[in-house]
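As structure tokens, the structure follows; a few thoughts come after it.
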Amino acid sequence: MSEPAIAAISTPHAPGGIGIIRISGENALEIADRIFEPVSGGDLSKSKGYRAYFGSVNAGGKKLDDAVCLVYKAPHSYTGEDVAEINCHGGLYVTQQVLRAALDAGARPAEAGEFTKRAFLNGKIDLAQSESVMALISASGQKAANAALNTLDGKLSEKIEKCTEKITGVCASLGAWVDYPDDIIEEITPEEMEEAFESAKKDLEDIVSRYDSGKALTQGVDTVIIGRPNVGKSAVMNMLTGYDRSIVTDIAGTTRDVVEEKITVGDIVLNVADTAGIRQTDDKVENIGVERAVKRLERAELIISVFDSSEPLTDEDREIMRLCKGKKSLALLNKSDLESVLEEKDIAEYFETCVTVSAKTHSGEKELENALRSMLCSREFDSESACLTGERQRSCCLKAIEHLDLALNALRSGMTYDAVNVCADCAVDALLELTGKRASAAVVDEVFSRFCVGK
């Protein structure tokens with residue numbers, strides 16, 4: 001029995017010029033026929049597809065809105081199924097009423113990401129391409145959008161497929177040799193196996209390295225702004241966001257909790273947390289904020305530590321320097337608009353780089369952007385190459401690399417070919433999981449659970 005048609009609003013849940021209600025499934029056009037009446041007459045279910053019809057949406061004998069219905073016939077649609085997209089006026093009430101009419105006519109509410117999941121299950125796109133859809137939607141800059149679009153176009157899948165073919169070529173030869181030892185089969189040489197494994201491993205390592213260097217552009221970097229009270233952390237946060245996100249006063253301890261914001265510096269995406277000033281305090285509420293600040297520092301991917309350049313270092317400053325040493329951290333010498341008594345050399349050994357700024361006058365912003373680009377390797381990122389779009393894909397590549405290393409070690413240490421074959425098979429499994437050709441139902445469900453409803 002076929003899956004019932006699904007329906008959802010595919011435009012943002014906010015007032016707009018247009019609202020789109022998407023219906024997909026074997027009986028999608030029959031459902032659309034029940035609620036949409038073209039001015040030209042006729043049945044949508046008899047349409048050849050790739051047609052737009054002007055008419056009205058009706059429910060319970062009452063006209064809901066004028067609308068345009070786009071018809072796509074299987075398999076030439078986004079989901080690979082028959083699809084009707086009703087384009088009505090974009091008021092919240094109107095779109096909800098049209099969706100309700102579709103549900104009353106026989107559709108069921110779509111789950112998160114179910115349209116794209118059906119596209120995957122119907123062979124329109126693979127799992128890696130599916131994930132790039134959400135990456136494209138959430139892209140915060142041109143390079144991030146380019147990287148997601150290239151993955152959606154299949155560049156990553158093609159690269160992974162070539163790596164898989166290199167390994168499976170060896171596995172096929174080894175499998176034949178192991179299964180039919182008495183037959184005359186041309187044996188693959190250790191040198192040929194090593195060359196294939198090393199080549200696939202290098203390609204995968206290149207893909208992983210591009211993900212790491214491009215994460216600041218495509219995923220965003222978990223960043224914490226840290227410092228003692230009144231050094232200007234909240235002012236720095238406001239400078240980065242471009243508006244008054246955090247409260248700025250001369251009173252120490254104003255920020256008592258973690259203030260979070262996703263911001264873009266140039267084309268770099270930072271998931272920033274402005275924290276309470278780190279100091280010893282008897283205030284119970286402020287002390288909770290200080291403890292949270294230290295915890296965020298410990299797990300942050302990037303630390304921006306703020307110092308007041310108009311004052312000498314304090315014990316709190318030195319404690320923060322100690323906490324930052326050995327981590328990916330940047331020191332901001334703030335308040336450059338005042339006379340400076342703190343020099344870069346006083347703190348440089350604890351940080352990867354130091355930048356002098358004035359959060360008040362916004363001087364030093366460009367220098368800060370350049371420092372972040374250099375620290376996060378975003379200059380090296382090529383968005384036109386095959387790119388990973390998430391940690392799941394990276395994990396699959398790393399597992400494949402790990403098993404290729406085991407295969408190479410087994411080969412070089414003189415272990416039996418069946419041991420080498422087992423390791424190589426595991427590498428192939430990891431790559432097939434990446435593209436979804438051998439992914440478990442749990443993995444597939446987890447991928448699409450992160451999608452928005454309507455996509």
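Residues are named by chain letter and number: chains run A, B, ... in the order of the structure tokens, numbers start at 1 in each chain, and ligands are numbered from 1 in the order shown.
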
Worksheet item: Got a sec: who's within 12 Å of Ser363 of chain A, counting only C-alpha atoms, leaving out chain neighbours fewer than 2 positions off, as number ranges by chain?
Response: A: 236, 239-240, 332-337, 355-361, 365-369

Worksheet item: Can you list, as a list in words, every protein, DNA or RNA residue that comes within 9 Å of Glu3 of chain A when you count only C-alpha atoms, leaving out same-chain residues fewer than 2 positions away?
Response: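 The contact residues come out as Met1, Ala5, Ile6, Gly25 and Glu26 of chain A.
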
For the residues in that selection, give me C-alpha atoms as a PDB file, in the first residue's frame.
```
ATOM      1  CA  MET A   1       0.000   0.000   0.000  1.00  0.00           C
ATOM      2  CA  ALA A   5      -0.138  12.222   0.602  1.00  0.00           C
ATOM      3  CA  ILE A   6       1.451  14.689   3.002  1.00  0.00           C
ATOM      4  CA  GLY A  25       1.997  11.723  -2.700  1.00  0.00           C
ATOM      5  CA  GLU A  26       0.233   9.292  -4.991  1.00  0.00           C
TER       6      GLU A  26
END
```

Can you tell me which residues surround segment 423-431 of chain A at a distance of at most 12 Å, considering only C-alpha atoms, apart from same-chain residues fewer than 6 positions away, and format the answer as a compact mmCIF listing (two decimals) with N, CA, C and O atoms, in the first residue's frame?
```txt
# COMPACT_ATOMS: atom_id res chain seq x y z
N LEU A 127 21.84 10.83 0.66
CA LEU A 127 21.75 11.38 2.01
C LEU A 127 22.63 12.62 2.17
O LEU A 127 22.25 13.59 2.85
N ALA A 128 23.80 12.60 1.54
CA ALA A 128 24.69 13.76 1.61
C ALA A 128 24.04 14.97 0.94
O ALA A 128 24.12 16.10 1.45
N LEU A 156 30.27 16.24 -3.72
CA LEU A 156 30.77 15.41 -2.63
C LEU A 156 30.49 13.95 -2.91
O LEU A 156 31.37 13.09 -2.74
N SER A 157 29.28 13.63 -3.34
CA SER A 157 28.91 12.24 -3.60
C SER A 157 29.78 11.63 -4.68
O SER A 157 30.18 10.45 -4.60
N GLU A 158 30.11 12.42 -5.70
CA GLU A 158 30.98 11.92 -6.76
C GLU A 158 32.37 11.60 -6.21
O GLU A 158 32.98 10.57 -6.56
N LYS A 159 32.89 12.47 -5.35
CA LYS A 159 34.22 12.25 -4.77
C LYS A 159 34.22 11.01 -3.87
O LYS A 159 35.15 10.19 -3.92
N ILE A 160 33.18 10.88 -3.06
CA ILE A 160 33.08 9.72 -2.17
C ILE A 160 32.92 8.44 -2.99
O ILE A 160 33.49 7.40 -2.66
N GLU A 161 32.16 8.52 -4.08
CA GLU A 161 31.97 7.35 -4.94
C GLU A 161 33.30 6.89 -5.54
O GLU A 161 33.57 5.69 -5.62
N LYS A 162 34.14 7.83 -5.94
CA LYS A 162 35.45 7.47 -6.52
C LYS A 162 36.33 6.81 -5.47
O LYS A 162 37.05 5.84 -5.77
N CYS A 163 36.30 7.34 -4.24
CA CYS A 163 37.07 6.71 -3.15
C CYS A 163 36.55 5.30 -2.88
O CYS A 163 37.34 4.36 -2.68
N THR A 164 35.24 5.14 -2.88
CA THR A 164 34.63 3.83 -2.64
C THR A 164 35.04 2.83 -3.72
O THR A 164 35.36 1.67 -3.42
N GLU A 165 35.04 3.29 -4.96
CA GLU A 165 35.41 2.41 -6.07
C GLU A 165 36.86 1.93 -5.96
O GLU A 165 37.17 0.78 -6.28
N LYS A 166 37.75 2.81 -5.52
CA LYS A 166 39.16 2.41 -5.34
C LYS A 166 39.28 1.28 -4.33
O LYS A 166 40.04 0.32 -4.53
N ILE A 167 38.51 1.39 -3.23
CA ILE A 167 38.60 0.38 -2.18
C ILE A 167 37.88 -0.90 -2.59
O ILE A 167 38.39 -2.01 -2.38
N THR A 168 36.69 -0.76 -3.18
CA THR A 168 35.93 -1.95 -3.56
C THR A 168 36.62 -2.74 -4.66
O THR A 168 36.45 -3.96 -4.76
N GLY A 169 37.42 -2.06 -5.48
CA GLY A 169 38.20 -2.78 -6.50
C GLY A 169 39.15 -3.76 -5.85
O GLY A 169 39.30 -4.91 -6.31
N VAL A 170 39.79 -3.32 -4.76
CA VAL A 170 40.69 -4.20 -4.02
C VAL A 170 39.89 -5.30 -3.33
O VAL A 170 40.27 -6.48 -3.35
N CYS A 171 38.75 -4.92 -2.72
CA CYS A 171 37.93 -5.90 -2.00
C CYS A 171 37.43 -7.00 -2.92
O CYS A 171 37.37 -8.17 -2.54
N ALA A 172 37.06 -6.63 -4.16
CA ALA A 172 36.58 -7.63 -5.11
C ALA A 172 37.67 -8.64 -5.44
O ALA A 172 37.42 -9.86 -5.49
N SER A 173 38.88 -8.14 -5.65
CA SER A 173 40.00 -9.04 -5.97
C SER A 173 40.33 -9.94 -4.79
O SER A 173 40.56 -11.15 -4.94
N LEU A 174 40.34 -9.34 -3.58
CA LEU A 174 40.65 -10.13 -2.39
C LEU A 174 39.55 -11.15 -2.12
O LEU A 174 39.82 -12.29 -1.73
N GLY A 175 38.28 -10.74 -2.32
CA GLY A 175 37.16 -11.64 -2.09
C GLY A 175 37.21 -12.84 -3.01
O GLY A 175 36.96 -13.98 -2.59
N MET A 193 47.48 -2.86 -3.88
CA MET A 193 46.55 -2.63 -2.77
C MET A 193 46.96 -1.39 -1.98
O MET A 193 46.11 -0.54 -1.66
N GLU A 194 48.23 -1.28 -1.69
CA GLU A 194 48.72 -0.14 -0.92
C GLU A 194 48.46 1.18 -1.66
O GLU A 194 48.04 2.17 -1.06
N ALA A 196 46.11 1.82 -3.87
CA ALA A 196 44.68 2.12 -3.86
C ALA A 196 44.24 2.67 -2.50
O ALA A 196 43.49 3.66 -2.42
N PHE A 197 44.69 2.01 -1.43
CA PHE A 197 44.31 2.45 -0.09
C PHE A 197 44.86 3.85 0.21
O PHE A 197 44.16 4.70 0.76
N GLU A 198 46.12 4.08 -0.13
CA GLU A 198 46.74 5.38 0.14
C GLU A 198 46.07 6.49 -0.66
O GLU A 198 45.87 7.60 -0.17
N ALA A 200 42.89 6.57 -1.78
CA ALA A 200 41.57 6.84 -1.19
C ALA A 200 41.72 7.59 0.12
O ALA A 200 40.97 8.54 0.40
N LYS A 201 42.69 7.20 0.93
CA LYS A 201 42.92 7.85 2.22
C LYS A 201 43.28 9.32 2.03
O LYS A 201 42.76 10.20 2.73
N LEU A 204 40.23 11.39 1.08
CA LEU A 204 39.34 11.60 2.23
C LEU A 204 39.93 12.62 3.21
O LEU A 204 39.22 13.45 3.76
N ARG A 392 28.20 14.60 10.92
CA ARG A 392 27.91 13.20 10.60
C ARG A 392 28.76 12.76 9.43
O ARG A 392 29.37 11.68 9.45
N GLN A 393 28.82 13.59 8.39
CA GLN A 393 29.61 13.25 7.21
C GLN A 393 31.11 13.19 7.56
O GLN A 393 31.84 12.31 7.11
N ARG A 394 31.55 14.15 8.38
CA ARG A 394 32.96 14.15 8.80
C ARG A 394 33.29 12.87 9.57
O ARG A 394 34.35 12.26 9.36
N SER A 395 32.38 12.46 10.46
CA SER A 395 32.61 11.25 11.24
C SER A 395 32.72 10.02 10.34
O SER A 395 33.57 9.15 10.57
N CYS A 396 31.90 9.96 9.30
CA CYS A 396 31.97 8.83 8.36
C CYS A 396 33.32 8.80 7.64
O CYS A 396 33.92 7.73 7.47
N CYS A 397 33.79 9.96 7.23
CA CYS A 397 35.10 10.03 6.56
C CYS A 397 36.22 9.60 7.51
O CYS A 397 37.13 8.86 7.11
N LEU A 398 36.16 10.06 8.75
CA LEU A 398 37.20 9.70 9.72
C LEU A 398 37.19 8.20 10.01
O LEU A 398 38.25 7.58 10.18
N LYS A 399 36.00 7.60 10.08
CA LYS A 399 35.92 6.14 10.28
C LYS A 399 36.53 5.40 9.10
O LYS A 399 37.24 4.41 9.28
N ALA A 400 36.26 5.90 7.89
CA ALA A 400 36.83 5.26 6.70
C ALA A 400 38.35 5.37 6.71
O ALA A 400 39.07 4.40 6.39
N ILE A 401 38.86 6.54 7.09
CA ILE A 401 40.32 6.74 7.16
C ILE A 401 40.93 5.80 8.20
O ILE A 401 41.99 5.19 7.97
N GLU A 402 40.27 5.68 9.34
CA GLU A 402 40.76 4.79 10.40
C GLU A 402 40.86 3.35 9.91
O GLU A 402 41.86 2.65 10.15
N HIS A 403 39.83 2.87 9.20
CA HIS A 403 39.85 1.49 8.72
C HIS A 403 40.84 1.30 7.58
O HIS A 403 41.42 0.21 7.44
N LEU A 404 41.07 2.33 6.79
CA LEU A 404 42.10 2.24 5.76
C LEU A 404 43.49 2.14 6.39
O LEU A 404 44.36 1.40 5.90
N ASP A 405 43.70 2.87 7.48
CA ASP A 405 44.97 2.75 8.22
C ASP A 405 45.15 1.33 8.75
O ASP A 405 46.26 0.76 8.68
N LEU A 406 44.07 0.75 9.26
CA LEU A 406 44.15 -0.63 9.76
C LEU A 406 44.45 -1.60 8.61
O LEU A 406 45.23 -2.55 8.77
N ALA A 407 43.84 -1.35 7.45
CA ALA A 407 44.08 -2.22 6.29
C ALA A 407 45.54 -2.12 5.85
O ALA A 407 46.18 -3.13 5.53
N LEU A 408 46.07 -0.89 5.84
CA LEU A 408 47.47 -0.68 5.44
C LEU A 408 48.42 -1.34 6.45
O LEU A 408 49.42 -1.96 6.05
N ASN A 409 48.13 -1.21 7.73
CA ASN A 409 48.97 -1.83 8.76
C ASN A 409 48.94 -3.35 8.64
O ASN A 409 49.98 -4.02 8.78
N ALA A 410 47.73 -3.90 8.39
CA ALA A 410 47.62 -5.35 8.21
C ALA A 410 48.40 -5.82 7.00
O ALA A 410 49.08 -6.87 7.03
N LEU A 411 48.34 -5.05 5.94
CA LEU A 411 49.05 -5.40 4.71
C LEU A 411 50.56 -5.35 4.92
O LEU A 411 51.28 -6.27 4.50
N MET A 415 49.91 -9.68 7.50
CA MET A 415 48.73 -10.43 7.92
C MET A 415 48.02 -11.02 6.70
O MET A 415 48.26 -10.62 5.57
N THR A 416 47.13 -11.97 6.94
CA THR A 416 46.44 -12.64 5.84
C THR A 416 45.55 -11.66 5.08
O THR A 416 45.07 -10.67 5.65
N TYR A 417 45.29 -11.98 3.81
CA TYR A 417 44.49 -11.09 2.98
C TYR A 417 43.04 -10.95 3.47
O TYR A 417 42.42 -9.93 3.26
N LYS A 437 23.65 4.92 1.12
CA LYS A 437 23.43 3.66 0.42
C LYS A 437 23.40 2.48 1.38
O LYS A 437 22.85 1.43 1.04
N ARG A 438 24.01 2.67 2.55
CA ARG A 438 23.98 1.60 3.54
C ARG A 438 23.78 2.19 4.94
O ARG A 438 24.39 1.74 5.91
N ALA A 439 22.94 3.20 5.04
CA ALA A 439 22.68 3.84 6.32
C ALA A 439 21.49 3.18 7.01
O ALA A 439 20.53 2.79 6.35
N SER A 440 21.56 3.07 8.30
CA SER A 440 20.45 2.47 9.06
C SER A 440 19.26 3.42 9.08
O SER A 440 19.39 4.62 8.85
```

Can you pull out the residues contacting Cys88 of chain A? Cut-off 6 Å, using only C-alpha atoms, and skip same-chain residues under 6 positions away; I want them as a compact mmCIF listing (two decimals) with N, CA, C and O atoms, in the first residue's frame.
```txt
# COMPACT_ATOMS: atom_id res chain seq x y z
N ILE A 18 3.37 35.96 -0.23
CA ILE A 18 2.87 34.69 -0.76
C ILE A 18 3.06 33.59 0.28
O ILE A 18 4.00 33.63 1.08
N GLY A 19 2.15 32.64 0.28
CA GLY A 19 2.28 31.46 1.12
C GLY A 19 2.13 30.22 0.25
O GLY A 19 1.30 30.20 -0.67
N ALA A 67 -5.78 31.83 -5.86
CA ALA A 67 -4.48 31.16 -5.75
C ALA A 67 -4.02 30.66 -7.11
O ALA A 67 -4.78 30.63 -8.08
```

Worksheet item: Could you pull out the alpha helix (DSSP H) residues of segment 81-220 of chain A from DSSP and send them as a PyMOL selection string?
Response: chain A and resi 92-104+114-121+127-137+142-152+155-179+190-218
